[in-house]
$ cat work.txt   # compact mmCIF, C-alpha atoms
# COMPACT_ATOMS: atom_id res chain seq x y z
CA MET A 19 70.15 82.94 128.86
CA ALA A 20 73.00 84.05 126.58
CA ARG A 21 75.29 86.72 127.93
CA LEU A 22 75.71 90.10 126.25
CA VAL A 23 78.86 90.77 124.23
CA SER A 24 80.00 94.39 123.78
CA ILE A 25 81.88 95.09 120.54
CA ILE A 26 83.92 98.29 120.91
CA VAL A 27 85.17 100.08 117.78
CA PRO A 28 87.48 103.12 118.13
CA CYS A 29 87.62 105.16 114.92
CA TYR A 30 89.89 107.94 113.70
CA ASN A 31 89.79 108.99 110.04
CA ALA A 32 88.80 105.54 108.80
CA GLU A 33 86.10 106.56 106.29
CA ARG A 34 87.31 103.94 103.82
CA TRP A 35 86.93 101.03 106.22
CA VAL A 36 84.70 101.82 109.20
CA ALA A 37 81.48 100.64 107.53
CA GLU A 38 82.98 97.18 106.95
CA ALA A 39 84.25 96.99 110.54
CA ILE A 40 80.82 97.91 111.93
CA GLY A 41 79.08 95.63 109.44
CA SER A 42 81.26 92.68 110.51
CA ALA A 43 80.19 93.31 114.11
CA LEU A 44 76.50 93.47 113.18
CA VAL A 45 76.45 90.17 111.24
CA GLN A 46 77.93 88.04 114.02
CA THR A 47 76.09 84.74 114.43
CA TYR A 48 76.15 85.19 118.21
CA VAL A 49 73.37 87.10 119.97
CA PRO A 50 72.96 89.26 121.96
CA THR A 51 75.56 91.87 121.10
CA GLU A 52 75.86 95.64 121.37
CA VAL A 53 78.09 97.61 119.01
CA ILE A 54 79.68 100.77 120.45
CA VAL A 55 81.60 103.05 118.09
CA LEU A 56 83.80 105.86 119.42
CA ASP A 57 84.70 108.55 116.90
CA ASP A 58 88.01 109.97 118.11
CA GLY A 59 87.79 113.42 116.53
CA SER A 60 87.83 112.29 112.89
CA THR A 61 88.26 115.02 110.27
CA ASP A 62 87.08 112.92 107.30
CA ARG A 63 83.63 111.42 106.63
CA SER A 64 83.92 108.76 109.32
CA LEU A 65 81.32 110.30 111.62
CA ASP A 66 78.75 110.59 108.79
CA ILE A 67 79.23 106.91 108.00
CA ILE A 68 78.91 105.97 111.67
CA ARG A 69 75.67 107.97 111.97
CA SER A 70 74.24 106.18 108.94
CA PHE A 71 73.88 102.97 110.97
CA GLY A 72 71.20 104.64 113.07
CA THR A 73 69.87 102.69 116.03
CA LYS A 74 71.74 99.50 115.08
CA ILE A 75 74.72 100.83 117.02
CA ARG A 76 75.53 103.15 119.88
CA TRP A 77 78.05 105.85 119.06
CA GLU A 78 79.78 108.82 120.61
CA SER A 79 82.09 111.48 119.20
CA GLY A 80 84.65 113.65 120.93
CA PRO A 81 88.02 115.37 120.47
CA ASN A 82 91.03 113.36 119.35
CA ARG A 83 92.56 111.76 122.45
CA GLY A 84 94.05 108.59 120.96
CA GLY A 85 92.90 105.04 120.43
CA ASN A 86 93.39 103.88 124.01
CA ALA A 87 91.28 106.70 125.41
CA ALA A 88 88.54 105.79 122.91
CA ARG A 89 88.72 102.13 123.93
CA ASN A 90 88.46 103.05 127.61
CA ARG A 91 85.47 105.28 126.90
CA GLY A 92 83.83 102.50 124.92
CA PHE A 93 84.35 100.10 127.79
CA ALA A 94 82.85 102.61 130.24
CA LEU A 95 79.73 102.80 128.04
CA SER A 96 79.48 99.04 127.58
CA LYS A 97 77.27 96.61 129.49
CA GLY A 98 78.46 93.26 128.17
CA ASP A 99 79.79 90.31 130.16
CA TYR A 100 82.24 89.73 127.31
CA ILE A 101 84.27 92.41 125.53
CA GLN A 102 85.46 92.47 121.92
CA PHE A 103 87.80 95.25 120.75
CA ILE A 104 88.23 95.86 117.02
CA ASP A 105 89.88 98.78 115.22
CA ALA A 106 87.88 100.59 112.56
CA ASP A 107 90.12 99.42 109.72
CA ASP A 108 89.93 95.71 110.59
CA TYR A 109 87.05 93.24 110.50
CA LEU A 110 85.72 90.00 111.99
CA LEU A 111 84.36 86.91 110.28
CA PRO A 112 80.76 86.05 111.23
CA GLU A 113 81.32 83.11 113.62
CA LYS A 114 84.17 84.72 115.58
CA ILE A 115 82.30 85.74 118.70
CA GLU A 116 80.03 82.69 118.85
CA ARG A 117 83.02 80.35 118.79
CA GLN A 118 85.02 82.29 121.34
CA VAL A 119 82.16 82.76 123.80
CA ALA A 120 81.65 78.99 123.70
CA ARG A 121 85.36 78.47 124.39
CA LEU A 122 85.35 80.83 127.39
CA GLU A 123 82.26 79.25 128.85
CA ALA A 124 83.59 75.71 128.35
CA THR A 125 86.96 76.45 129.99
CA GLY A 126 86.15 79.13 132.55
CA ALA A 127 89.07 81.16 131.18
CA ASP A 128 89.20 84.97 131.20
CA VAL A 129 90.62 85.51 127.70
CA VAL A 130 90.56 83.45 124.53
CA TYR A 131 92.87 84.11 121.58
CA GLY A 132 92.75 82.71 118.07
CA ASP A 133 94.52 82.85 114.73
CA TRP A 134 94.46 85.83 112.35
CA ARG A 135 95.80 87.03 109.03
CA HIS A 136 96.95 90.18 107.23
CA LEU A 137 95.09 91.61 104.26
CA HIS A 138 97.57 93.72 102.29
CA HIS A 139 96.33 96.73 100.33
CA GLN A 140 98.97 97.68 97.75
CA PRO A 141 99.38 101.20 96.28
CA ASP A 142 98.21 99.91 92.88
CA GLY A 143 94.89 98.75 94.36
CA ARG A 144 95.70 95.05 94.62
CA LYS A 145 94.55 93.16 97.72
CA GLU A 146 96.44 90.10 98.92
CA PHE A 147 95.87 87.84 101.90
CA GLU A 148 98.96 86.69 103.78
CA ALA A 149 99.18 83.17 105.16
CA ILE A 150 97.21 82.70 108.37
CA LYS A 151 99.17 83.54 111.52
CA ILE A 152 98.79 80.46 113.69
CA SER A 153 98.92 81.75 117.26
CA GLY A 154 99.35 78.29 118.79
CA ASP A 155 98.84 77.00 122.30
CA LYS A 156 101.51 78.70 124.42
CA PRO A 157 102.70 76.95 127.61
CA ASP A 158 103.00 80.41 129.22
CA VAL A 159 101.19 83.14 127.28
CA LEU A 160 102.72 85.92 129.37
CA GLU A 161 106.25 84.68 128.75
CA ALA A 162 105.52 84.47 125.02
CA LEU A 163 104.23 88.06 124.94
CA LEU A 164 107.23 89.31 126.89
CA SER A 165 109.52 87.67 124.34
CA ASP A 166 108.78 88.09 120.63
CA TRP A 167 105.23 86.74 120.14
CA TRP A 168 102.17 88.86 119.37
CA VAL A 169 98.53 88.30 118.47
CA ALA A 170 96.18 90.83 116.85
CA CYS A 171 93.88 92.30 119.47
CA HIS A 172 90.65 91.59 117.60
CA ALA A 173 91.60 87.89 117.57
CA LEU A 174 90.90 87.93 121.33
CA LEU A 175 87.75 88.00 123.43
CA PHE A 176 87.80 89.10 127.09
CA ARG A 177 85.59 88.60 130.08
CA ARG A 178 84.51 91.95 131.43
CA THR A 179 86.08 91.19 134.80
CA ALA A 180 89.51 90.72 133.15
CA VAL A 181 89.36 94.22 131.67
CA GLU A 182 88.19 95.69 134.97
CA LYS A 183 90.97 94.05 136.99
CA CYS A 184 93.78 95.33 134.74
CA GLY A 185 92.60 98.95 134.90
CA GLY A 186 91.97 99.34 131.17
CA TRP A 187 94.18 100.58 128.36
CA ASP A 188 97.21 102.76 129.21
CA GLU A 189 96.46 106.09 127.54
CA THR A 190 100.11 107.20 127.71
CA ILE A 191 101.33 104.40 125.39
CA GLN A 192 101.62 105.58 121.77
CA ALA A 193 102.58 102.29 120.10
CA ALA A 194 102.65 98.62 121.16
CA GLN A 195 99.20 99.26 122.65
CA ASP A 196 97.77 95.81 121.95
CA ARG A 197 100.80 94.08 123.45
CA ASP A 198 100.74 96.29 126.52
CA PHE A 199 97.03 95.69 127.13
CA PHE A 200 97.19 91.90 126.80
CA ILE A 201 100.22 91.81 129.10
CA SER A 202 98.43 93.98 131.68
CA VAL A 203 95.41 91.65 131.60
CA LEU A 204 97.64 88.64 132.27
CA LEU A 205 99.64 90.44 134.97
CA ALA A 206 96.33 91.10 136.74
CA GLY A 207 95.78 87.36 137.01
CA ALA A 208 93.71 86.48 133.94
CA LYS A 209 93.84 82.96 132.50
CA ALA A 210 94.19 82.82 128.70
CA VAL A 211 93.33 79.89 126.43
CA TYR A 212 93.91 79.27 122.72
CA GLN A 213 91.25 78.35 120.17
CA PRO A 214 92.40 77.32 116.67
CA GLY A 215 90.78 79.03 113.72
CA CYS A 216 91.18 82.34 111.88
CA HIS A 217 88.27 84.75 112.30
CA ALA A 218 90.09 88.12 112.47
CA ILE A 219 91.39 90.12 109.49
CA TYR A 220 94.09 92.77 110.03
CA ARG A 221 94.64 95.28 107.24
CA ARG A 222 98.07 96.45 106.12
CA TYR A 223 98.75 99.25 103.64
CA GLY A 224 101.74 98.84 101.33
CA GLN A 225 105.01 98.49 103.23
CA VAL A 226 104.18 101.03 105.94
CA THR A 227 103.91 99.74 109.52
CA VAL A 228 103.80 101.41 112.91
CA GLY A 229 107.49 100.59 113.26
CA THR A 230 108.58 101.99 109.90
CA SER A 231 106.40 105.13 110.07
CA ASN A 232 107.91 106.28 113.38
CA PRO A 233 110.64 103.89 114.55
CA ARG A 234 111.70 106.01 117.54
CA ARG A 235 108.17 106.07 118.94
CA TRP A 236 107.79 102.33 118.28
CA LEU A 237 111.04 101.48 120.07
CA ALA A 238 110.36 103.82 123.01
CA SER A 239 106.85 102.40 123.47
CA HIS A 240 108.03 98.80 123.48
CA CYS A 241 110.76 99.65 126.00
CA ARG A 242 108.11 101.31 128.17
CA VAL A 243 106.00 98.14 128.02
CA LEU A 244 109.01 96.08 129.11
CA ASP A 245 109.84 98.54 131.91
CA LYS A 246 106.28 98.33 133.25
CA SER A 247 106.13 94.55 133.01
CA SER A 248 109.43 93.91 134.76
CA GLU A 249 108.48 96.36 137.52
CA VAL A 250 105.12 94.66 138.18
CA LEU A 251 106.63 91.19 138.10
CA GLY A 252 109.46 92.30 140.40
CA ARG A 253 107.09 93.80 142.98
CA ALA A 254 105.09 90.58 142.99
CA ASN A 255 108.22 88.38 143.30
CA ARG A 256 107.29 86.74 140.00
CA LEU A 257 110.34 87.71 137.95
CA ASN A 258 111.53 84.14 137.44
CA SER A 259 114.24 82.98 135.05
CA GLY A 260 111.80 82.43 132.17
CA TYR A 261 110.37 85.94 132.43
CA ARG A 262 113.84 87.43 132.90
CA HIS A 263 115.08 85.78 129.72
CA ALA A 264 111.99 86.77 127.74
CA ILE A 265 112.25 90.43 128.78
CA ALA A 266 116.03 90.48 128.24
CA LEU A 267 115.52 89.09 124.74
CA SER A 268 112.99 91.81 123.96
CA TYR A 269 115.25 94.56 125.33
CA PHE A 270 118.06 93.18 123.17
CA ARG A 271 115.91 93.44 120.05
CA MET A 272 114.95 96.98 121.00
CA ALA A 273 118.62 97.83 121.61
CA ARG A 274 119.53 96.66 118.13
CA GLY A 275 116.81 98.89 116.74
CA TRP A 276 118.03 101.87 118.77
CA PHE A 277 121.57 101.47 117.45
CA GLU A 278 120.43 102.96 114.14
CA PHE A 279 119.11 106.14 115.75
CA ASP A 280 120.32 106.79 119.26
CA ARG A 281 123.40 105.20 120.83
CA LYS A 282 122.48 106.47 124.29
CA GLN A 283 119.17 104.59 124.11
CA TYR A 284 121.07 101.56 122.80
CA ASP A 285 123.28 101.64 125.90
CA LEU A 286 120.28 102.00 128.21
CA ALA A 287 118.49 99.06 126.63
CA MET A 288 121.62 96.91 126.77
CA SER A 289 122.10 97.78 130.42
CA ARG A 290 118.61 96.41 131.09
CA VAL A 291 119.47 93.22 129.20
CA LEU A 292 122.51 92.59 131.37
CA GLU A 293 120.75 93.57 134.61
CA LEU A 294 118.17 90.91 133.93
CA GLU A 295 120.54 88.28 132.59
CA PRO A 296 124.26 88.99 133.17
CA ASN A 297 125.31 86.02 131.02
CA PHE A 298 122.94 86.84 128.18
CA GLU A 299 123.81 85.09 124.92
CA PRO A 300 122.60 86.97 121.84
CA PRO A 301 120.52 85.26 119.18
CA GLY A 302 121.51 85.79 115.56
CA THR A 303 123.74 84.39 112.85
CA ALA A 304 126.88 82.39 113.55
CA LEU A 305 128.92 85.35 112.28
CA TYR A 306 127.19 87.80 114.65
CA LYS A 307 127.78 85.48 117.58
CA ALA A 308 131.44 85.03 116.63
CA VAL A 309 132.00 88.80 116.39
CA HIS A 310 130.23 89.24 119.72
CA ARG A 311 132.61 86.78 121.37
CA LEU A 312 135.58 88.77 120.01
CA LEU A 313 134.38 92.37 120.31
CA GLY A 314 131.43 92.34 122.70
CA PHE A 315 127.90 93.60 122.08
CA ARG A 316 128.80 97.09 120.84
CA GLY A 317 131.53 95.77 118.58
CA ALA A 318 129.20 93.20 117.04
CA GLU A 319 126.59 95.88 116.46
CA TRP A 320 129.10 98.19 114.77
CA VAL A 321 130.07 95.40 112.38
CA ALA A 322 126.42 94.57 111.64
CA TYR A 323 125.64 98.27 111.14
CA ALA A 324 128.53 98.70 108.70
CA ALA A 325 127.45 95.58 106.79
CA ARG A 326 123.90 96.91 106.43
CA ASN A 327 125.19 100.24 105.11
CA VAL A 328 127.32 98.48 102.50
CA ARG A 329 124.44 96.19 101.48
CA PHE A 330 122.00 99.07 101.00
CA GLY A 331 124.56 101.50 99.54
CA ARG A 332 124.30 104.09 102.30
$ encode --input "work.txt" --output "structure tokens"
Amino acid sequence: MARLVSIIVPCYNAERWVAEAIGSALVQTYVPTEVIVLDDGSTDRSLDIIRSFGTKIRWESGPNRGGNAARNRGFALSKGDYIQFIDADDYLLPEKIERQVARLEATGADVVYGDWRHLHHQPDGRKEFEAIKISGDKPDVLEALLSDWWVACHALLFRRTAVEKCGGWDETIQAAQDRDFFISVLLAGAKAVYQPGCHAIYRRYGQVTVGTSNPRRWLASHCRVLDKSSEVLGRANRLNSGYRHAIALSYFRMARGWFEFDRKQYDLAMSRVLELEPNFEPPGTALYKAVHRLLGFRGAEWVAYAARNVRFGR
């Protein structure tokens, strides 16, 4: 007998897209599924659109508490052996769940991840697909996530037990939520496997991203994810050289971002880099590396900062 898959859709002010997200869940070739939609205090027509699906879905509405709280509530309501999360402005292709359930059952893994692609919506109304993001088979998925790799959350499918063991989504994280959740699942002992094929579409609007809309929040959230990860790995005596380098590399990228806004946070992030890897060698251009050898990290960053200001006429 086929096992139930729960498809959980958090929604906040997504009246333009939520019907397509729900529709993509309802036309999956895999059965049985249940579709659970959590309206997170929307102030537009989202809730009316959700209600229009009637008994095809299960839905609940409450005050705005954030996407992670909605995902946790959806999971609490769910009954499936497998769990699919999808945001209300994204959508799945019809064979996504069927293929990934088969992969989990064939391998005994706890999580399967696939390929995905951006669909850009430009201000003038044009829609453009980006090239498919090939996730690839990572030798160590956790190390890749701790470094600079990422996969869209709806390109994954989880066993219920994997979500239970990690404790759910961290409701205090304001950005980097997908990365934090996948890391927490792996830190709790889940085995992840790759399955080639793009069956997840991730919308983007113009040039605005989470990072550009609120860079301080984005940087602080990613640093929080790295803090949590290094602490858990350290307590478990799992902070090996590969994980140390991956986390140091991520802190270094965050430090470079902080340099634009907050030099104190830059110093804090760089201190974490050097705590993890005292002989850390920065990535970058040959010129950046040469300046670093002469002037150190701060000196190299000052030169890079000045060059950016000249280039963009600041």
$ residues_around --input "work.txt" --residues "Leu244 in chain A" --least-positions-apart "5" --cutoff "10 Å" --atoms "all atoms listed in the file" --output "JSON, numbers by chain"
{"A": [164, 165, 198, 201, 238, 239, 249, 250, 264, 265, 266, 268, 269, 290]}
$ write_last_selection --input "work.txt" --atoms "C-alpha atoms" --output "mmCIF file, in the frame of the given file"
data_model
loop_
_atom_site.group_PDB
_atom_site.id
_atom_site.type_symbol
_atom_site.label_atom_id
_atom_site.label_comp_id
_atom_site.auth_asym_id
_atom_site.auth_seq_id
_atom_site.Cartn_x
_atom_site.Cartn_y
_atom_site.Cartn_z
ATOM 1 C CA LEU A 164 107.230 89.310 126.890
ATOM 2 C CA SER A 165 109.520 87.670 124.340
ATOM 3 C CA ASP A 198 100.740 96.290 126.520
ATOM 4 C CA ILE A 201 100.220 91.810 129.100
ATOM 5 C CA ALA A 238 110.360 103.820 123.010
ATOM 6 C CA SER A 239 106.850 102.400 123.470
ATOM 7 C CA GLU A 249 108.480 96.360 137.520
ATOM 8 C CA VAL A 250 105.120 94.660 138.180
ATOM 9 C CA ALA A 264 111.990 86.770 127.740
ATOM 10 C CA ILE A 265 112.250 90.430 128.780
ATOM 11 C CA ALA A 266 116.030 90.480 128.240
ATOM 12 C CA SER A 268 112.990 91.810 123.960
ATOM 13 C CA TYR A 269 115.250 94.560 125.330
ATOM 14 C CA ARG A 290 118.610 96.410 131.090
#
$ residues_around --input "work.txt" --residues "Ala208 in chain A" --least-positions-apart "2" --cutoff "8 Å" --atoms "only C-alpha atoms" --output "list in words"
Ala127, Asp128, Val129, Ala180, Val203, Leu204, Leu205, Ala206 and Ala210 of chain A
$ residues_around --input "work.txt" --residues "range 76-93 of chain A" --least-positions-apart "3" --cutoff "7 Å" --atoms "only C-alpha atoms" --output "mmCIF file with C-alpha atoms, in the frame of the given file"
data_model
loop_
_atom_site.group_PDB
_atom_site.id
_atom_site.type_symbol
_atom_site.label_atom_id
_atom_site.label_comp_id
_atom_site.auth_asym_id
_atom_site.auth_seq_id
_atom_site.Cartn_x
_atom_site.Cartn_y
_atom_site.Cartn_z
ATOM 1 C CA ILE A 26 83.920 98.290 120.910
ATOM 2 C CA PRO A 28 87.480 103.120 118.130
ATOM 3 C CA VAL A 53 78.090 97.610 119.010
ATOM 4 C CA ILE A 54 79.680 100.770 120.450
ATOM 5 C CA VAL A 55 81.600 103.050 118.090
ATOM 6 C CA LEU A 56 83.800 105.860 119.420
ATOM 7 C CA ASP A 57 84.700 108.550 116.900
ATOM 8 C CA ASP A 58 88.010 109.970 118.110
ATOM 9 C CA GLY A 59 87.790 113.420 116.530
ATOM 10 C CA THR A 73 69.870 102.690 116.030
ATOM 11 C CA SER A 96 79.480 99.040 127.580
ATOM 12 C CA GLY A 186 91.970 99.340 131.170
ATOM 13 C CA TRP A 187 94.180 100.580 128.360
ATOM 14 C CA ASP A 188 97.210 102.760 129.210
ATOM 15 C CA GLU A 189 96.460 106.090 127.540
#
$ atom_distance --input "work.txt" --atom1 "CA of Val27 in chain A" --atom2 "CA of Trp236 in chain A"
22.7 Å
$ residues_around --input "work.txt" --residues "Phe270 in chain A" --least-positions-apart "4" --cutoff "7 Å" --atoms "all atoms listed in the file" --output "PDB file with C-alpha atoms, keeping the file's coordinate frame"
ATOM      1  CA  ALA A 266     116.030  90.480 128.240  1.00  0.00           C
ATOM      2  CA  ARG A 274     119.530  96.660 118.130  1.00  0.00           C
ATOM      3  CA  ALA A 287     118.490  99.060 126.630  1.00  0.00           C
ATOM      4  CA  MET A 288     121.620  96.910 126.770  1.00  0.00           C
ATOM      5  CA  VAL A 291     119.470  93.220 129.200  1.00  0.00           C
TER       6      VAL A 291
END
$ closest_residue --input "work.txt" --among "A:Tyr306, A:Tyr109, A:Tyr30, A:Trp168" --to "Leu137 in chain A" --atoms "all atoms listed in the file"
A:Tyr109
$ closest_residue --input "work.txt" --among "A:Tyr323, A:Tyr131, A:Tyr284, A:Tyr261" --to "His217 in chain A" --atoms "only C-alpha atoms"
A:Tyr131
$ closest_residue --input "work.txt" --among "A:Glu146, A:Met272, A:Gly41, A:Pro233" --to "Phe71 in chain A" --atoms "all atoms listed in the file"
A:Gly41
$ atom_distance --input "work.txt" --atom1 "CA of His240 in chain A" --atom2 "CA of Pro296 in chain A"
21.3 Å
$ closest_residue --input "work.txt" --among "A:Thr125, A:Ser64, A:Ser24, A:Ser289" --to "Tyr212 in chain A" --atoms "only C-alpha atoms"
A:Thr125
$ atom_distance --input "work.txt" --atom1 "CA of Ile101 in chain A" --atom2 "CA of Val181 in chain A"
8.2 Å
$ residues_near_point --input "work.txt" --point "(85.3, 91.9, 120.2)" --cutoff "12 Å" --atoms "only C-alpha atoms" --output "PDB file with C-alpha atoms, in the coordinates of the input"
ATOM      1  CA  LEU A  22      75.710  90.100 126.250  1.00  0.00           C
ATOM      2  CA  VAL A  23      78.860  90.770 124.230  1.00  0.00           C
ATOM      3  CA  SER A  24      80.000  94.390 123.780  1.00  0.00           C
ATOM      4  CA  ILE A  25      81.880  95.090 120.540  1.00  0.00           C
ATOM      5  CA  ILE A  26      83.920  98.290 120.910  1.00  0.00           C
ATOM      6  CA  VAL A  27      85.170 100.080 117.780  1.00  0.00           C
ATOM      7  CA  PRO A  28      87.480 103.120 118.130  1.00  0.00           C
ATOM      8  CA  ALA A  39      84.250  96.990 110.540  1.00  0.00           C
ATOM      9  CA  ILE A  40      80.820  97.910 111.930  1.00  0.00           C
ATOM     10  CA  SER A  42      81.260  92.680 110.510  1.00  0.00           C
ATOM     11  CA  ALA A  43      80.190  93.310 114.110  1.00  0.00           C
ATOM     12  CA  LEU A  44      76.500  93.470 113.180  1.00  0.00           C
ATOM     13  CA  GLN A  46      77.930  88.040 114.020  1.00  0.00           C
ATOM     14  CA  TYR A  48      76.150  85.190 118.210  1.00  0.00           C
ATOM     15  CA  THR A  51      75.560  91.870 121.100  1.00  0.00           C
ATOM     16  CA  GLU A  52      75.860  95.640 121.370  1.00  0.00           C
ATOM     17  CA  VAL A  53      78.090  97.610 119.010  1.00  0.00           C
ATOM     18  CA  ILE A  54      79.680 100.770 120.450  1.00  0.00           C
ATOM     19  CA  VAL A  55      81.600 103.050 118.090  1.00  0.00           C
ATOM     20  CA  ARG A  89      88.720 102.130 123.930  1.00  0.00           C
ATOM     21  CA  GLY A  92      83.830 102.500 124.920  1.00  0.00           C
ATOM     22  CA  PHE A  93      84.350 100.100 127.790  1.00  0.00           C
ATOM     23  CA  SER A  96      79.480  99.040 127.580  1.00  0.00           C
ATOM     24  CA  GLY A  98      78.460  93.260 128.170  1.00  0.00           C
ATOM     25  CA  ASP A  99      79.790  90.310 130.160  1.00  0.00           C
ATOM     26  CA  TYR A 100      82.240  89.730 127.310  1.00  0.00           C
ATOM     27  CA  ILE A 101      84.270  92.410 125.530  1.00  0.00           C
ATOM     28  CA  GLN A 102      85.460  92.470 121.920  1.00  0.00           C
ATOM     29  CA  PHE A 103      87.800  95.250 120.750  1.00  0.00           C
ATOM     30  CA  ILE A 104      88.230  95.860 117.020  1.00  0.00           C
ATOM     31  CA  ASP A 105      89.880  98.780 115.220  1.00  0.00           C
ATOM     32  CA  ALA A 106      87.880 100.590 112.560  1.00  0.00           C
ATOM     33  CA  ASP A 108      89.930  95.710 110.590  1.00  0.00           C
ATOM     34  CA  TYR A 109      87.050  93.240 110.500  1.00  0.00           C
ATOM     35  CA  LEU A 110      85.720  90.000 111.990  1.00  0.00           C
ATOM     36  CA  LEU A 111      84.360  86.910 110.280  1.00  0.00           C
ATOM     37  CA  PRO A 112      80.760  86.050 111.230  1.00  0.00           C
ATOM     38  CA  GLU A 113      81.320  83.110 113.620  1.00  0.00           C
ATOM     39  CA  LYS A 114      84.170  84.720 115.580  1.00  0.00           C
ATOM     40  CA  ILE A 115      82.300  85.740 118.700  1.00  0.00           C
ATOM     41  CA  GLU A 116      80.030  82.690 118.850  1.00  0.00           C
ATOM     42  CA  ARG A 117      83.020  80.350 118.790  1.00  0.00           C
ATOM     43  CA  GLN A 118      85.020  82.290 121.340  1.00  0.00           C
ATOM     44  CA  VAL A 119      82.160  82.760 123.800  1.00  0.00           C
ATOM     45  CA  VAL A 129      90.620  85.510 127.700  1.00  0.00           C
ATOM     46  CA  VAL A 130      90.560  83.450 124.530  1.00  0.00           C
ATOM     47  CA  TYR A 131      92.870  84.110 121.580  1.00  0.00           C
ATOM     48  CA  ALA A 170      96.180  90.830 116.850  1.00  0.00           C
ATOM     49  CA  CYS A 171      93.880  92.300 119.470  1.00  0.00           C
ATOM     50  CA  HIS A 172      90.650  91.590 117.600  1.00  0.00           C
ATOM     51  CA  ALA A 173      91.600  87.890 117.570  1.00  0.00           C
ATOM     52  CA  LEU A 174      90.900  87.930 121.330  1.00  0.00           C
ATOM     53  CA  LEU A 175      87.750  88.000 123.430  1.00  0.00           C
ATOM     54  CA  PHE A 176      87.800  89.100 127.090  1.00  0.00           C
ATOM     55  CA  ARG A 177      85.590  88.600 130.080  1.00  0.00           C
ATOM     56  CA  ARG A 178      84.510  91.950 131.430  1.00  0.00           C
ATOM     57  CA  HIS A 217      88.270  84.750 112.300  1.00  0.00           C
ATOM     58  CA  ALA A 218      90.090  88.120 112.470  1.00  0.00           C
TER      59      ALA A 218
END
$ closest_residue --input "work.txt" --among "A:Asn31, A:Thr61, A:Asn232, A:Ser247" --to "Leu160 in chain A" --atoms "only C-alpha atoms"
A:Ser247
$ closest_residue --input "work.txt" --among "A:Cys29, A:Leu65, A:Ala37, A:Leu305" --to "Val321 in chain A" --atoms "all atoms listed in the file"
A:Leu305
$ residues_around --input "work.txt" --residues "His263 in chain A" --least-positions-apart "3" --cutoff "8 Å" --atoms "only C-alpha atoms" --output "MDAnalysis selection string"
chainID A and resid 165 259:260 266:267 294:295
$ decode --input "work.txt" --residues "range 198-219 of chain A" --atoms "C-alpha atoms" --output "CSV table (one decimal), in the first residue's frame"
chain,number,residue,atom,x,y,z
A,198,ASP,CA,19.1,26.2,8.4
A,199,PHE,CA,16.3,23.5,8.2
A,200,PHE,CA,18.2,21.2,5.8
A,201,ILE,CA,21.4,21.5,8.0
A,202,SER,CA,19.4,20.7,11.1
A,203,VAL,CA,17.9,17.6,9.5
A,204,LEU,CA,21.4,16.4,8.6
A,205,LEU,CA,22.9,17.2,12.0
A,206,ALA,CA,20.1,15.1,13.5
A,207,GLY,CA,21.5,12.1,11.6
A,208,ALA,CA,19.5,12.0,8.4
A,209,LYS,CA,20.9,10.4,5.2
A,210,ALA,CA,20.4,12.5,2.0
A,211,VAL,CA,20.6,11.3,-1.6
A,212,TYR,CA,20.5,13.1,-4.9
A,213,GLN,CA,18.1,12.4,-7.8
A,214,PRO,CA,18.8,14.1,-11.1
A,215,GLY,CA,15.9,16.0,-12.7
A,216,CYS,CA,14.3,19.4,-12.4
A,217,HIS,CA,10.7,19.3,-10.9
A,218,ALA,CA,10.7,22.4,-8.7
A,219,ILE,CA,10.2,26.0,-9.9
